[in-house]
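Structure file input.csv; described as CSV, C-alpha atoms and all ligand atoms.
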chain,number,residue,atom,x,y,z
A,15,MET,CA,32.8,2.7,11.9
A,16,GLU,CA,29.7,4.8,11.4
A,17,ARG,CA,27.6,3.9,8.4
A,18,ARG,CA,28.3,7.3,6.7
A,19,GLN,CA,32.0,6.9,7.2
A,20,ALA,CA,31.8,3.4,5.8
A,21,LEU,CA,30.0,4.7,2.7
A,22,HIS,CA,32.6,7.5,2.3
A,23,ALA,CA,35.3,4.9,2.5
A,24,LEU,CA,33.5,2.8,-0.1
A,25,ALA,CA,33.1,5.8,-2.4
A,26,GLY,CA,36.9,6.1,-2.5
A,27,SER,CA,37.4,2.6,-3.6
A,28,ALA,CA,36.8,0.7,-6.9
A,29,VAL,CA,33.9,-1.2,-5.4
A,30,VAL,CA,31.6,1.8,-6.0
A,31,ALA,CA,31.5,1.2,-9.7
A,32,ALA,CA,29.6,-2.0,-9.2
A,33,LEU,CA,26.9,-0.4,-7.0
A,34,PRO,CA,23.8,0.6,-9.0
A,35,PHE,CA,23.4,3.9,-7.2
A,36,GLY,CA,27.1,4.7,-6.7
A,37,ARG,CA,28.2,6.7,-9.7
A,38,ALA,CA,30.1,9.9,-8.9
A,39,HIS,CA,28.5,13.4,-8.9
A,40,GLY,CA,29.8,16.7,-7.6
A,41,ALA,CA,30.7,16.1,-4.0
A,42,ASP,CA,29.7,19.6,-3.0
A,43,ALA,CA,26.1,19.2,-4.3
A,44,ALA,CA,23.3,19.8,-1.7
A,45,PRO,CA,21.7,16.7,-0.2
A,46,PHE,CA,18.7,15.3,-2.0
A,47,LYS,CA,15.8,15.5,0.4
A,48,ILE,CA,12.9,13.1,0.6
A,49,GLY,CA,10.1,14.4,2.8
A,50,PHE,CA,7.8,11.6,4.1
A,51,ILE,CA,4.5,12.6,5.7
A,52,LEU,CA,3.0,9.6,7.5
A,53,PRO,CA,0.5,8.8,10.2
A,54,MET,CA,2.9,7.7,13.0
A,55,THR,CA,0.2,8.2,15.7
A,56,GLY,CA,-3.6,7.8,15.8
A,57,GLN,CA,-5.8,5.2,14.1
A,58,SER,CA,-3.5,4.6,11.1
A,59,ALA,CA,-0.2,4.5,13.1
A,60,SER,CA,0.6,1.0,11.8
A,61,THR,CA,0.8,2.4,8.3
A,62,GLY,CA,3.5,5.0,9.3
A,63,LYS,CA,5.4,2.4,11.3
A,64,GLN,CA,5.5,0.0,8.4
A,65,ILE,CA,6.5,2.5,5.7
A,66,GLU,CA,9.2,4.1,8.0
A,67,ALA,CA,10.7,0.7,8.7
A,68,ALA,CA,10.7,-0.2,5.0
A,69,ALA,CA,12.2,3.1,3.8
A,70,LYS,CA,15.0,2.8,6.4
A,71,LEU,CA,15.7,-0.8,5.3
A,72,TRP,CA,15.9,0.4,1.7
A,73,MET,CA,18.6,2.9,2.7
A,74,ALA,CA,20.5,0.5,4.9
A,75,GLN,CA,20.7,-1.9,2.0
A,76,ASN,CA,21.3,0.5,-0.9
A,77,GLY,CA,23.3,3.3,0.7
A,78,SER,CA,22.6,6.9,1.6
A,79,SER,CA,23.9,8.4,-1.7
A,80,VAL,CA,22.8,8.2,-5.3
A,81,ALA,CA,25.2,9.3,-8.1
A,82,GLY,CA,27.4,10.9,-5.5
A,83,ARG,CA,24.4,12.9,-4.1
A,84,LYS,CA,23.8,12.4,-0.4
A,85,ILE,CA,20.2,11.3,0.4
A,86,GLU,CA,18.5,12.9,3.4
A,87,MET,CA,15.2,11.3,4.4
A,88,ILE,CA,12.9,13.3,6.7
A,89,ILE,CA,9.8,11.7,8.3
A,90,LYS,CA,7.0,13.8,9.9
A,91,ASP,CA,3.8,12.7,11.6
A,92,ASP,CA,0.5,14.0,10.4
A,93,ALA,CA,-1.5,11.7,12.8
A,94,GLY,CA,-3.8,11.0,9.8
A,95,VAL,CA,-5.2,14.6,9.9
A,96,ALA,CA,-5.4,16.3,6.5
A,97,ASP,CA,-4.8,19.9,7.7
A,98,THR,CA,-1.6,18.7,9.3
A,99,THR,CA,-0.5,16.9,6.2
A,100,ARG,CA,-1.1,20.1,4.2
A,101,ARG,CA,0.9,22.2,6.7
A,102,ILE,CA,3.8,19.8,6.8
A,103,ALA,CA,3.9,19.6,2.9
A,104,GLN,CA,4.0,23.4,2.7
A,105,GLU,CA,6.9,23.6,5.2
A,106,TYR,CA,8.7,20.8,3.3
A,107,VAL,CA,8.5,22.6,-0.1
A,108,VAL,CA,9.0,26.2,1.2
A,109,ASN,CA,11.5,25.8,4.1
A,110,ASP,CA,13.2,22.5,3.7
A,111,LYS,CA,13.1,22.6,-0.1
A,112,VAL,CA,12.5,18.9,-0.4
A,113,ASP,CA,13.1,17.3,-3.8
A,114,VAL,CA,10.3,14.7,-3.4
A,115,LEU,CA,7.2,14.4,-1.2
A,116,ALA,CA,6.3,10.8,-0.1
A,117,GLY,CA,4.0,8.8,2.0
A,118,PHE,CA,0.2,9.7,2.5
A,119,GLY,CA,-1.4,7.1,4.7
A,120,LEU,CA,-5.0,7.9,3.8
A,121,THR,CA,-6.8,9.2,0.8
A,122,PRO,CA,-7.9,12.6,2.2
A,123,LEU,CA,-4.2,13.3,3.1
A,124,ALA,CA,-3.1,12.7,-0.5
A,125,PHE,CA,-5.9,14.9,-1.8
A,126,ALA,CA,-4.9,17.7,0.6
A,127,THR,CA,-1.3,17.7,-0.6
A,128,ALA,CA,-1.9,17.4,-4.4
A,129,PRO,CA,-2.3,21.1,-5.1
A,130,ILE,CA,1.0,21.8,-3.3
A,131,ALA,CA,2.8,19.2,-5.4
A,132,THR,CA,1.4,20.9,-8.6
A,133,GLN,CA,2.2,24.4,-7.6
A,134,SER,CA,5.8,23.6,-6.5
A,135,LYS,CA,6.4,21.1,-9.3
A,136,THR,CA,7.5,18.5,-6.7
A,137,PRO,CA,7.1,14.8,-7.4
A,138,MET,CA,4.7,13.3,-4.9
A,139,VAL,CA,5.2,9.5,-4.4
A,140,VAL,CA,2.0,8.0,-2.9
A,141,THR,CA,3.1,4.9,-0.9
A,142,ALA,CA,-0.2,4.1,0.8
A,143,ALA,CA,-3.4,5.8,-0.1
A,144,ALA,CA,-5.4,3.8,-2.7
A,145,THR,CA,-8.5,5.6,-4.0
A,146,SER,CA,-8.2,5.4,-7.8
A,147,ALA,CA,-8.8,9.2,-8.4
A,148,ILE,CA,-5.7,10.2,-6.4
A,149,THR,CA,-3.3,10.2,-9.3
A,150,GLU,CA,-5.7,12.5,-11.2
A,151,GLN,CA,-5.3,15.2,-8.5
A,152,SER,CA,-1.9,16.3,-9.7
A,153,PRO,CA,0.4,15.5,-12.7
A,154,TYR,CA,3.2,15.2,-10.2
A,155,ILE,CA,1.7,12.2,-8.4
A,156,VAL,CA,3.2,8.8,-8.9
A,157,ARG,CA,1.8,5.8,-6.9
A,158,THR,CA,3.6,2.6,-5.7
A,159,SER,CA,0.8,1.2,-3.5
A,160,PHE,CA,-2.3,0.0,-5.3
A,161,THR,CA,-5.9,0.9,-6.1
A,162,LEU,CA,-9.1,-0.5,-4.6
A,163,PRO,CA,-10.6,-1.2,-8.0
A,164,GLN,CA,-7.5,-3.2,-8.9
A,165,VAL,CA,-7.9,-5.6,-6.1
A,166,SER,CA,-11.8,-5.6,-5.8
A,167,VAL,CA,-12.4,-6.8,-9.3
A,168,SER,CA,-10.3,-9.9,-8.8
A,169,ILE,CA,-12.2,-11.2,-5.7
A,170,ALA,CA,-15.5,-10.4,-7.4
A,171,GLU,CA,-14.5,-12.6,-10.3
A,172,TRP,CA,-13.3,-15.4,-8.0
A,173,ALA,CA,-16.6,-15.2,-6.0
A,174,GLY,CA,-18.7,-15.4,-9.2
A,175,LYS,CA,-16.8,-18.5,-10.3
A,176,HIS,CA,-17.0,-20.3,-6.9
A,177,GLY,CA,-20.7,-20.7,-6.3
A,178,ILE,CA,-21.3,-17.4,-4.5
A,179,LYS,CA,-24.6,-16.0,-5.9
A,180,ASN,CA,-25.5,-13.1,-3.6
A,181,VAL,CA,-23.3,-10.8,-1.6
A,182,VAL,CA,-23.7,-7.9,0.9
A,183,THR,CA,-20.9,-5.4,0.6
A,184,PHE,CA,-19.5,-3.7,3.7
A,185,VAL,CA,-17.0,-0.9,3.3
A,186,ALA,CA,-15.5,2.1,5.1
A,187,ASP,CA,-17.4,5.1,4.1
A,188,TYR,CA,-14.8,7.2,2.1
A,189,GLY,CA,-12.9,7.1,-1.2
A,190,PRO,CA,-11.3,3.6,-1.2
A,191,GLY,CA,-14.4,2.0,0.3
A,192,ILE,CA,-16.7,3.6,-2.3
A,193,ASP,CA,-14.2,2.4,-5.0
A,194,ALA,CA,-14.3,-1.1,-3.6
A,195,GLU,CA,-18.1,-1.2,-3.4
A,196,LYS,CA,-18.5,0.0,-6.9
A,197,PHE,CA,-15.9,-2.1,-8.7
A,198,PHE,CA,-16.8,-5.3,-6.7
A,199,LYS,CA,-20.4,-4.8,-7.7
A,200,SER,CA,-19.9,-4.2,-11.4
A,201,GLN,CA,-17.6,-7.2,-11.8
A,202,PHE,CA,-19.8,-9.5,-9.7
A,203,LEU,CA,-22.9,-8.6,-11.7
A,204,LEU,CA,-20.9,-9.4,-14.9
A,205,ASN,CA,-20.2,-12.8,-13.4
A,206,GLY,CA,-23.9,-13.4,-12.8
A,207,GLY,CA,-24.1,-12.5,-9.1
A,208,LYS,CA,-26.4,-10.2,-7.2
A,209,VAL,CA,-25.6,-7.6,-4.5
A,210,THR,CA,-28.4,-7.7,-2.0
A,211,GLY,CA,-27.1,-5.0,0.4
A,212,GLU,CA,-24.6,-2.2,0.5
A,213,ILE,CA,-23.4,-1.1,4.0
A,214,ARG,CA,-20.9,1.6,4.8
A,215,SER,CA,-19.3,2.3,8.2
A,216,PRO,CA,-17.7,5.6,9.3
A,217,LEU,CA,-13.9,5.8,8.9
A,218,ARG,CA,-13.3,7.3,12.4
A,219,SER,CA,-14.1,5.1,15.4
A,220,PRO,CA,-16.4,2.7,13.7
A,221,ASP,CA,-18.6,0.4,15.8
A,222,PHE,CA,-19.1,-2.7,13.6
A,223,ALA,CA,-21.9,-4.3,15.7
A,224,PRO,CA,-25.0,-2.8,14.1
A,225,PHE,CA,-23.6,-3.4,10.6
A,226,LEU,CA,-22.8,-7.0,11.4
A,227,GLN,CA,-26.3,-7.5,12.7
A,228,LYS,CA,-27.6,-6.2,9.4
A,229,VAL,CA,-25.4,-8.7,7.5
A,230,ALA,CA,-26.7,-11.5,9.7
A,231,ASP,CA,-30.3,-10.5,8.9
A,232,LEU,CA,-29.7,-10.3,5.2
A,233,LYS,CA,-28.2,-13.8,5.1
A,234,PRO,CA,-26.2,-13.5,1.9
A,235,ASP,CA,-24.0,-16.3,0.6
A,236,ALA,CA,-21.0,-14.0,1.4
A,237,VAL,CA,-20.1,-10.6,2.8
A,238,PHE,CA,-17.4,-8.7,0.9
A,239,VAL,CA,-15.4,-6.4,3.1
A,240,PHE,CA,-13.0,-3.5,2.7
A,241,LEU,CA,-11.7,-1.6,5.7
A,242,PRO,CA,-8.4,0.3,5.8
A,243,SER,CA,-5.2,-1.2,7.3
A,244,GLY,CA,-5.5,-1.2,11.1
A,245,GLN,CA,-9.2,-1.9,11.4
A,246,GLY,CA,-9.2,-5.5,10.4
A,247,ALA,CA,-8.5,-7.0,13.8
A,248,ALA,CA,-11.4,-5.1,15.5
A,249,PHE,CA,-13.7,-6.1,12.7
A,250,MET,CA,-12.7,-9.8,12.7
A,251,LYS,CA,-13.0,-10.0,16.5
A,252,GLN,CA,-16.6,-8.8,16.3
A,253,PHE,CA,-17.3,-11.0,13.3
A,254,GLY,CA,-16.3,-14.0,15.5
A,255,GLU,CA,-18.0,-12.8,18.7
A,256,ARG,CA,-21.3,-12.4,16.9
A,257,GLY,CA,-21.0,-16.0,15.5
A,258,LEU,CA,-20.9,-14.9,11.9
A,259,ASP,CA,-18.0,-17.2,11.2
A,260,LYS,CA,-20.3,-20.1,12.0
A,261,SER,CA,-23.4,-18.7,10.4
A,262,GLY,CA,-22.7,-20.1,6.9
A,263,ILE,CA,-22.1,-16.5,5.6
A,264,LYS,CA,-18.7,-16.6,3.9
A,265,LEU,CA,-16.3,-13.7,4.5
A,266,ILE,CA,-14.5,-12.4,1.4
A,267,ALA,CA,-12.3,-9.3,1.4
A,268,THR,CA,-9.6,-7.2,0.1
A,269,GLY,CA,-6.2,-8.0,1.8
A,270,ASP,CA,-6.4,-4.9,3.9
A,271,VAL,CA,-8.8,-6.7,6.3
A,272,VAL,CA,-6.5,-9.7,6.9
A,273,ASP,CA,-3.4,-7.5,6.8
A,274,ASP,CA,0.0,-9.2,7.6
A,275,ASP,CA,0.5,-6.5,10.3
A,276,GLN,CA,-2.4,-7.9,12.3
A,277,LEU,CA,-3.0,-11.4,11.1
A,278,ASN,CA,-1.5,-13.3,14.0
A,279,ASP,CA,-3.4,-11.1,16.4
A,280,ILE,CA,-6.7,-11.8,14.6
A,281,GLY,CA,-6.1,-15.5,15.1
A,282,ASP,CA,-8.2,-18.5,14.0
A,283,VAL,CA,-11.3,-16.6,13.1
A,284,ALA,CA,-9.4,-15.6,9.9
A,285,LEU,CA,-8.6,-19.1,8.9
A,286,GLY,CA,-10.0,-19.9,5.4
A,287,VAL,CA,-10.8,-16.3,4.5
A,288,VAL,CA,-10.3,-15.8,0.8
A,289,ASN,CA,-9.2,-12.4,-0.2
A,290,SER,CA,-7.4,-10.5,-3.0
A,291,HIS,CA,-4.4,-8.3,-2.8
A,292,HIS,CA,-1.1,-7.3,-4.4
A,293,TYR,CA,1.3,-8.4,-1.5
A,294,SER,CA,1.6,-11.2,1.0
A,295,ALA,CA,4.6,-11.6,3.3
A,296,ALA,CA,4.3,-15.3,2.2
A,297,HIS,CA,4.9,-14.5,-1.5
A,298,PRO,CA,7.2,-17.3,-2.5
A,299,SER,CA,9.8,-15.4,-4.6
A,300,ALA,CA,13.5,-15.4,-3.7
A,301,MET,CA,13.5,-11.6,-3.5
A,302,ASN,CA,10.6,-11.6,-1.1
A,303,LYS,CA,12.1,-14.1,1.2
A,304,LYS,CA,15.2,-12.0,1.4
A,305,PHE,CA,13.1,-8.8,2.0
A,306,VAL,CA,11.0,-10.4,4.8
A,307,ALA,CA,14.0,-11.8,6.5
A,308,ALA,CA,15.9,-8.5,6.4
A,309,PHE,CA,12.8,-6.5,7.5
A,310,GLU,CA,12.0,-8.8,10.4
A,311,ALA,CA,15.7,-8.8,11.5
A,312,ALA,CA,15.7,-5.0,11.5
A,313,SER,CA,12.2,-4.2,12.8
A,314,LYS,CA,11.0,-7.2,14.9
A,315,PHE,CA,7.7,-7.3,13.1
A,316,ARG,CA,6.3,-8.6,9.8
A,317,PRO,CA,6.2,-6.4,6.7
A,318,ASN,CA,2.7,-5.8,5.2
A,319,PHE,CA,1.6,-4.2,1.9
A,320,MET,CA,2.3,-0.7,3.2
A,321,ALA,CA,5.9,-1.7,3.9
A,322,VAL,CA,6.4,-3.0,0.4
A,323,ALA,CA,5.0,0.1,-1.2
A,324,GLY,CA,7.3,2.3,0.9
A,325,TYR,CA,10.3,0.1,-0.1
A,326,ASP,CA,9.3,0.3,-3.8
A,327,GLY,CA,8.7,4.1,-3.4
A,328,MET,CA,12.4,4.5,-2.3
A,329,HIS,CA,13.5,2.2,-5.2
A,330,LEU,CA,11.6,4.4,-7.6
A,331,ILE,CA,13.1,7.6,-6.2
A,332,TYR,CA,16.7,6.1,-6.2
A,333,ASN,CA,16.2,5.0,-9.8
A,334,ALA,CA,14.9,8.4,-10.9
A,335,LEU,CA,17.8,10.2,-9.2
A,336,ALA,CA,20.3,7.8,-10.8
A,337,THR,CA,18.7,8.5,-14.2
A,338,THR,CA,19.2,12.3,-13.8
A,339,LYS,CA,22.8,11.5,-12.7
A,340,GLY,CA,22.2,13.1,-9.4
A,341,ALA,CA,20.9,16.3,-10.8
A,342,GLY,CA,17.2,15.9,-9.7
A,343,GLY,CA,14.7,18.6,-10.6
A,344,GLY,CA,10.9,18.0,-10.4
A,345,ASP,CA,10.1,17.6,-14.0
A,346,ALA,CA,13.2,15.5,-14.8
A,347,LEU,CA,12.6,13.2,-11.8
A,348,LEU,CA,8.9,12.8,-12.8
A,349,ALA,CA,9.9,11.9,-16.4
A,350,ALA,CA,12.4,9.3,-15.0
A,351,MET,CA,9.7,7.8,-12.7
A,352,LYS,CA,7.2,7.3,-15.6
A,353,GLY,CA,7.5,3.9,-17.2
A,354,GLN,CA,9.9,2.3,-14.6
A,355,ILE,CA,9.7,-1.4,-14.4
A,356,PHE,CA,11.4,-3.4,-11.7
A,357,GLU,CA,11.1,-6.5,-9.5
A,358,SER,CA,9.5,-5.8,-6.2
A,359,PRO,CA,9.1,-8.2,-3.3
A,360,ARG,CA,5.5,-8.5,-4.5
A,361,GLY,CA,6.5,-9.4,-8.1
A,362,GLN,CA,7.2,-7.3,-11.2
A,363,ILE,CA,5.8,-3.8,-11.1
A,364,LEU,CA,5.4,-1.0,-13.7
A,365,ILE,CA,4.6,2.7,-13.4
A,366,ASP,CA,2.2,3.3,-16.3
A,367,ALA,CA,3.7,6.3,-18.1
A,368,GLN,CA,0.3,7.7,-19.0
A,369,THR,CA,-1.5,7.4,-15.7
A,370,ARG,CA,1.5,7.4,-13.3
A,371,ASP,CA,-0.3,4.6,-11.5
A,372,ILE,CA,1.0,1.2,-10.7
A,373,VAL,CA,0.4,-1.9,-12.8
A,374,GLN,CA,1.0,-5.2,-10.9
A,375,ASP,CA,-0.1,-8.8,-10.3
A,376,VAL,CA,-3.1,-9.3,-8.1
A,377,TYR,CA,-3.2,-12.6,-6.1
A,378,ILE,CA,-6.1,-14.5,-4.7
A,379,ARG,CA,-5.1,-15.8,-1.3
A,380,LYS,CA,-6.4,-17.9,1.6
A,381,VAL,CA,-5.5,-17.4,5.3
A,382,GLU,CA,-3.8,-20.5,6.5
A,383,ARG,CA,-1.6,-21.6,9.4
A,384,VAL,CA,1.7,-22.5,7.7
A,385,ALA,CA,3.7,-25.2,9.5
A,386,ALA,CA,6.8,-24.5,7.5
A,387,MET,CA,6.7,-20.8,8.5
A,388,GLY,CA,6.7,-21.1,12.3
A,389,ASN,CA,3.1,-22.2,12.4
A,390,GLN,CA,1.9,-18.6,12.0
A,391,LEU,CA,-1.0,-17.3,10.0
A,392,TYR,CA,-0.3,-16.1,6.4
A,393,ASN,CA,-2.2,-15.2,3.3
A,394,VAL,CA,-1.2,-18.1,1.0
A,395,GLU,CA,-1.5,-17.2,-2.7
A,396,PHE,CA,-3.3,-19.7,-4.9
A,397,ASP,CA,-4.2,-17.8,-8.0
A,398,VAL,CA,-3.0,-14.7,-9.8
A,399,GLN,CA,-4.1,-12.1,-12.4
A,400,LYS,CA,-1.0,-10.8,-14.1
A,401,ALA,CA,-0.2,-7.2,-14.8
A,402,VAL,CA,-3.5,-5.6,-13.6
A,403,LYS,CA,-3.9,-2.0,-14.6
A,404,ASP,CA,-6.3,0.1,-12.4
A,405,PRO,CA,-9.7,-0.9,-13.9
A,406,ALA,CA,-11.0,2.7,-13.3
A,407,LYS,CA,-8.4,3.9,-15.8
A,408,VAL,CA,-9.0,1.4,-18.5
A,409,LYS,CA,-11.1,3.3,-21.1
B,501,LIG,C1,-6.4,3.6,2.3
B,501,LIG,C2,-5.9,3.4,3.5
B,501,LIG,C3,-5.6,2.1,3.9
B,501,LIG,O1,-5.1,1.9,5.1
B,501,LIG,C4,-5.8,1.0,3.1
B,501,LIG,O2,-5.5,-0.2,3.5
B,501,LIG,C5,-6.3,1.2,1.8
B,501,LIG,C6,-6.6,2.5,1.4
B,501,LIG,C7,-6.7,5.0,1.8
B,501,LIG,O3,-7.1,5.8,2.7
B,501,LIG,O4,-6.6,5.3,0.6
Step by step, read the file and then write its structure as structure tokens.
Ligand code: DHB
Amino acid sequence: MERRQALHALAGSAVVAALPFGRAHGADAAPFKIGFILPMTGQSASTGKQIEAAAKLWMAQNGSSVAGRKIEMIIKDDAGVADTTRRIAQEYVVNDKVDVLAGFGLTPLAFATAPIATQSKTPMVVTAAATSAITEQSPYIVRTSFTLPQVSVSIAEWAGKHGIKNVVTFVADYGPGIDAEKFFKSQFLLNGGKVTGEIRSPLRSPDFAPFLQKVADLKPDAVFVFLPSGQGAAFMKQFGERGLDKSGIKLIATGDVVDDDQLNDIGDVALGVVNSHHYSAAHPSAMNKKFVAAFEAASKFRPNFMAVAGYDGMHLIYNALATTKGAGGGDALLAAMKGQIFESPRGQILIDAQTRDIVQDVYIRKVERVAAMGNQLYNVEFDVQKAVKDPAKVK
């Protein structure tokens, strides 16, 4: 039996009352459309691949209707190019009449779409991009990923308390990198540390060699790194090739650099790297174990932080549509998204009703080879800051 037929069969039975998203609504209602825009090709293709797999897993597990309204998910590739994102968003709202826009793999792509969300009053669920200011670009933006200030402050605090006195920062030269640099520095100074160099590398086709040479010359106690998902493996490879892993200069980072998507490819050079982030595939909750097992069975690769934000983005949208009893409508959906609290594979999350940004736990982790998990590399959590609000939004 096809999945759709199976769901129709279910809808006719008493079982449906027990399903959280299964309450009846007018059977002739138009489908509810979720228009994802993701980088499926180009430098950030892993982000698209992860979020697509997670959104499909959510639907496979939770059904393709909410309150009797059929859900139609559309995914289009912007290749990480902002003009393309904007064009697809326009087509989505004008031609397809989508009910929700979702995705946005890089900060400039979210910025390009914000005015379209505002003009069309369409909720825009950001499941990847992580510059703090994104949520301020439109009152219709809600975020399920994270912010760079949120994760950079935690590692700065950890470094300050663990004997690291001077640091060189090394970030990708655009929104999230500049956020990471700024918020790492201000917290590290508060903890008594010094930043002795601030290096930025171009987002597109970066060559890390000259920057790594500069780090080696400056000889800090540690280098703090942020690079977007997908660039970590190339960076770590050059870090090892230039012998920096054996130079006595510690590497600390946001979790983007030792991303679950690439960690096994990065290999032993990552061992011992302490980093901070909101999600590890090794997060030891029962819900996460189930999530990872189902994801790996369906996709044949490990979910990373992009996947979990895509999965939670779908959860948020399903909850909002259930709250409106299948009716939808931009303003009603947005109102239903604000203030949602639910358990995610990463831990409990909250959508702050004032800022529409995510409040979540941030973990300090160390890369280890885990015998009990197939002898693979994982980010093993060893400390946590609970319910962290984006520090850039704490007045
Ligand atoms: C952004 C992209 C990433 O891949 C990431 O890991 C963090 C932030 C961004 O462009 O906002």
Closest atom pairs, chain A residues within 6 Å of ligand LIG 501 (chain B), all atoms listed in the file, as CSV:
residue,atom,partner,partner_atom,distance
A:Gly119,CA,B:LIG501,C2,5.9
A:Leu120,CA,B:LIG501,O3,3.2
A:Thr121,CA,B:LIG501,O3,3.9
A:Ala143,CA,B:LIG501,O4,3.3
A:Ala144,CA,B:LIG501,O4,3.8
A:Thr145,CA,B:LIG501,O4,5.0
A:Pro190,CA,B:LIG501,O4,5.3
A:Pro242,CA,B:LIG501,O1,3.7
A:Ser243,CA,B:LIG501,O1,3.8
A:Asp270,CA,B:LIG501,O2,4.8
Could those residues be written to a file, using C-alpha atoms, as a CSV table (one decimal), in the frame of the given file?
chain,number,residue,atom,x,y,z
A,119,GLY,CA,-1.4,7.1,4.7
A,120,LEU,CA,-5.0,7.9,3.8
A,121,THR,CA,-6.8,9.2,0.8
A,143,ALA,CA,-3.4,5.8,-0.1
A,144,ALA,CA,-5.4,3.8,-2.7
A,145,THR,CA,-8.5,5.6,-4.0
A,190,PRO,CA,-11.3,3.6,-1.2
A,242,PRO,CA,-8.4,0.3,5.8
A,243,SER,CA,-5.2,-1.2,7.3
A,270,ASP,CA,-6.4,-4.9,3.9
For this session: Identify which of the residues A:Val112, A:Leu391, A:Leu348, A:Ala103 lies closest to Ile85 (chain A), counting only C-alpha atoms when measuring atom-to-atom distances.
Result: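 Distance minimum relative to Ile85 (chain A) lands on A:Val112.
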For this session: Find, counting all atoms listed in the file, the residue in A:Ala44, A:Val140, A:Val167, A:Leu203 that gets nearest to Ser290 (chain A).
Result: A:Val167
For this session: May I have the residues at most 10 Å from (1.6, -18.7, 9.9) in the file's coordinates, counting all atoms listed in the file, as a VMD selection string?
Result: chain A and resid 274 277 to 278 281 296 381 to 394
For this session: Give as number ranges by chain every residue, naming chains and numbers as the document does, that has an atom within 12 Å of (12.0, 21.3, 5.4), counting all atoms listed in the file.
Result: A: 46-51, 86-90, 101-115
Exercise. Nearest to Asn76 (chain A): which of A:Leu335, A:Val271, A:Met328, A:Val181 is it, counting all atoms listed in the file?
Worked result: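 Closest to Asn76 (chain A) of all the choices is A:Met328.
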Would you pull region 355-367 of chain A out of the block just shown and save N, CA and C atoms as an mmCIF file, in the first residue's frame?
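Written file, part-v2.cif:
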data_model
loop_
_atom_site.group_PDB
_atom_site.id
_atom_site.type_symbol
_atom_site.label_atom_id
_atom_site.label_comp_id
_atom_site.auth_asym_id
_atom_site.auth_seq_id
_atom_site.Cartn_x
_atom_site.Cartn_y
_atom_site.Cartn_z
ATOM 1 N N ILE A 355 7.142 25.373 23.131
ATOM 2 C CA ILE A 355 8.184 24.642 23.874
ATOM 3 C C ILE A 355 8.005 23.172 23.534
ATOM 4 N N PHE A 356 9.064 22.523 23.119
ATOM 5 C CA PHE A 356 8.953 21.065 22.970
ATOM 6 C C PHE A 356 10.306 20.396 23.084
ATOM 7 N N GLU A 357 10.272 19.092 23.267
ATOM 8 C CA GLU A 357 11.533 18.358 23.344
ATOM 9 C C GLU A 357 12.020 18.051 21.939
ATOM 10 N N SER A 358 13.262 18.396 21.695
ATOM 11 C CA SER A 358 13.937 18.141 20.426
ATOM 12 C C SER A 358 14.988 17.061 20.677
ATOM 13 N N PRO A 359 15.515 16.445 19.625
ATOM 14 C CA PRO A 359 16.635 15.516 19.841
ATOM 15 C C PRO A 359 17.831 16.181 20.538
ATOM 16 N N ARG A 360 17.904 17.521 20.511
ATOM 17 C CA ARG A 360 19.023 18.215 21.181
ATOM 18 C C ARG A 360 18.741 18.504 22.650
ATOM 19 N N GLY A 361 17.481 18.346 23.101
ATOM 20 C CA GLY A 361 17.062 18.758 24.444
ATOM 21 C C GLY A 361 15.837 19.650 24.294
ATOM 22 N N GLN A 362 15.373 20.246 25.409
ATOM 23 C CA GLN A 362 14.173 21.084 25.304
ATOM 24 C C GLN A 362 14.483 22.407 24.592
ATOM 25 N N ILE A 363 13.588 22.832 23.717
ATOM 26 C CA ILE A 363 13.767 24.126 23.064
ATOM 27 C C ILE A 363 12.523 24.990 23.260
ATOM 28 N N LEU A 364 12.744 26.304 23.188
ATOM 29 C CA LEU A 364 11.663 27.289 23.316
ATOM 30 C C LEU A 364 11.821 28.300 22.201
ATOM 31 N N ILE A 365 10.719 28.699 21.579
ATOM 32 C CA ILE A 365 10.749 29.835 20.660
ATOM 33 C C ILE A 365 10.318 31.059 21.471
ATOM 34 N N ASP A 366 11.279 31.928 21.753
ATOM 35 C CA ASP A 366 11.009 33.137 22.543
ATOM 36 C C ASP A 366 9.931 33.965 21.833
ATOM 37 N N ALA A 367 8.842 34.236 22.538
ATOM 38 C CA ALA A 367 7.702 34.915 21.901
ATOM 39 C C ALA A 367 8.052 36.347 21.492
#
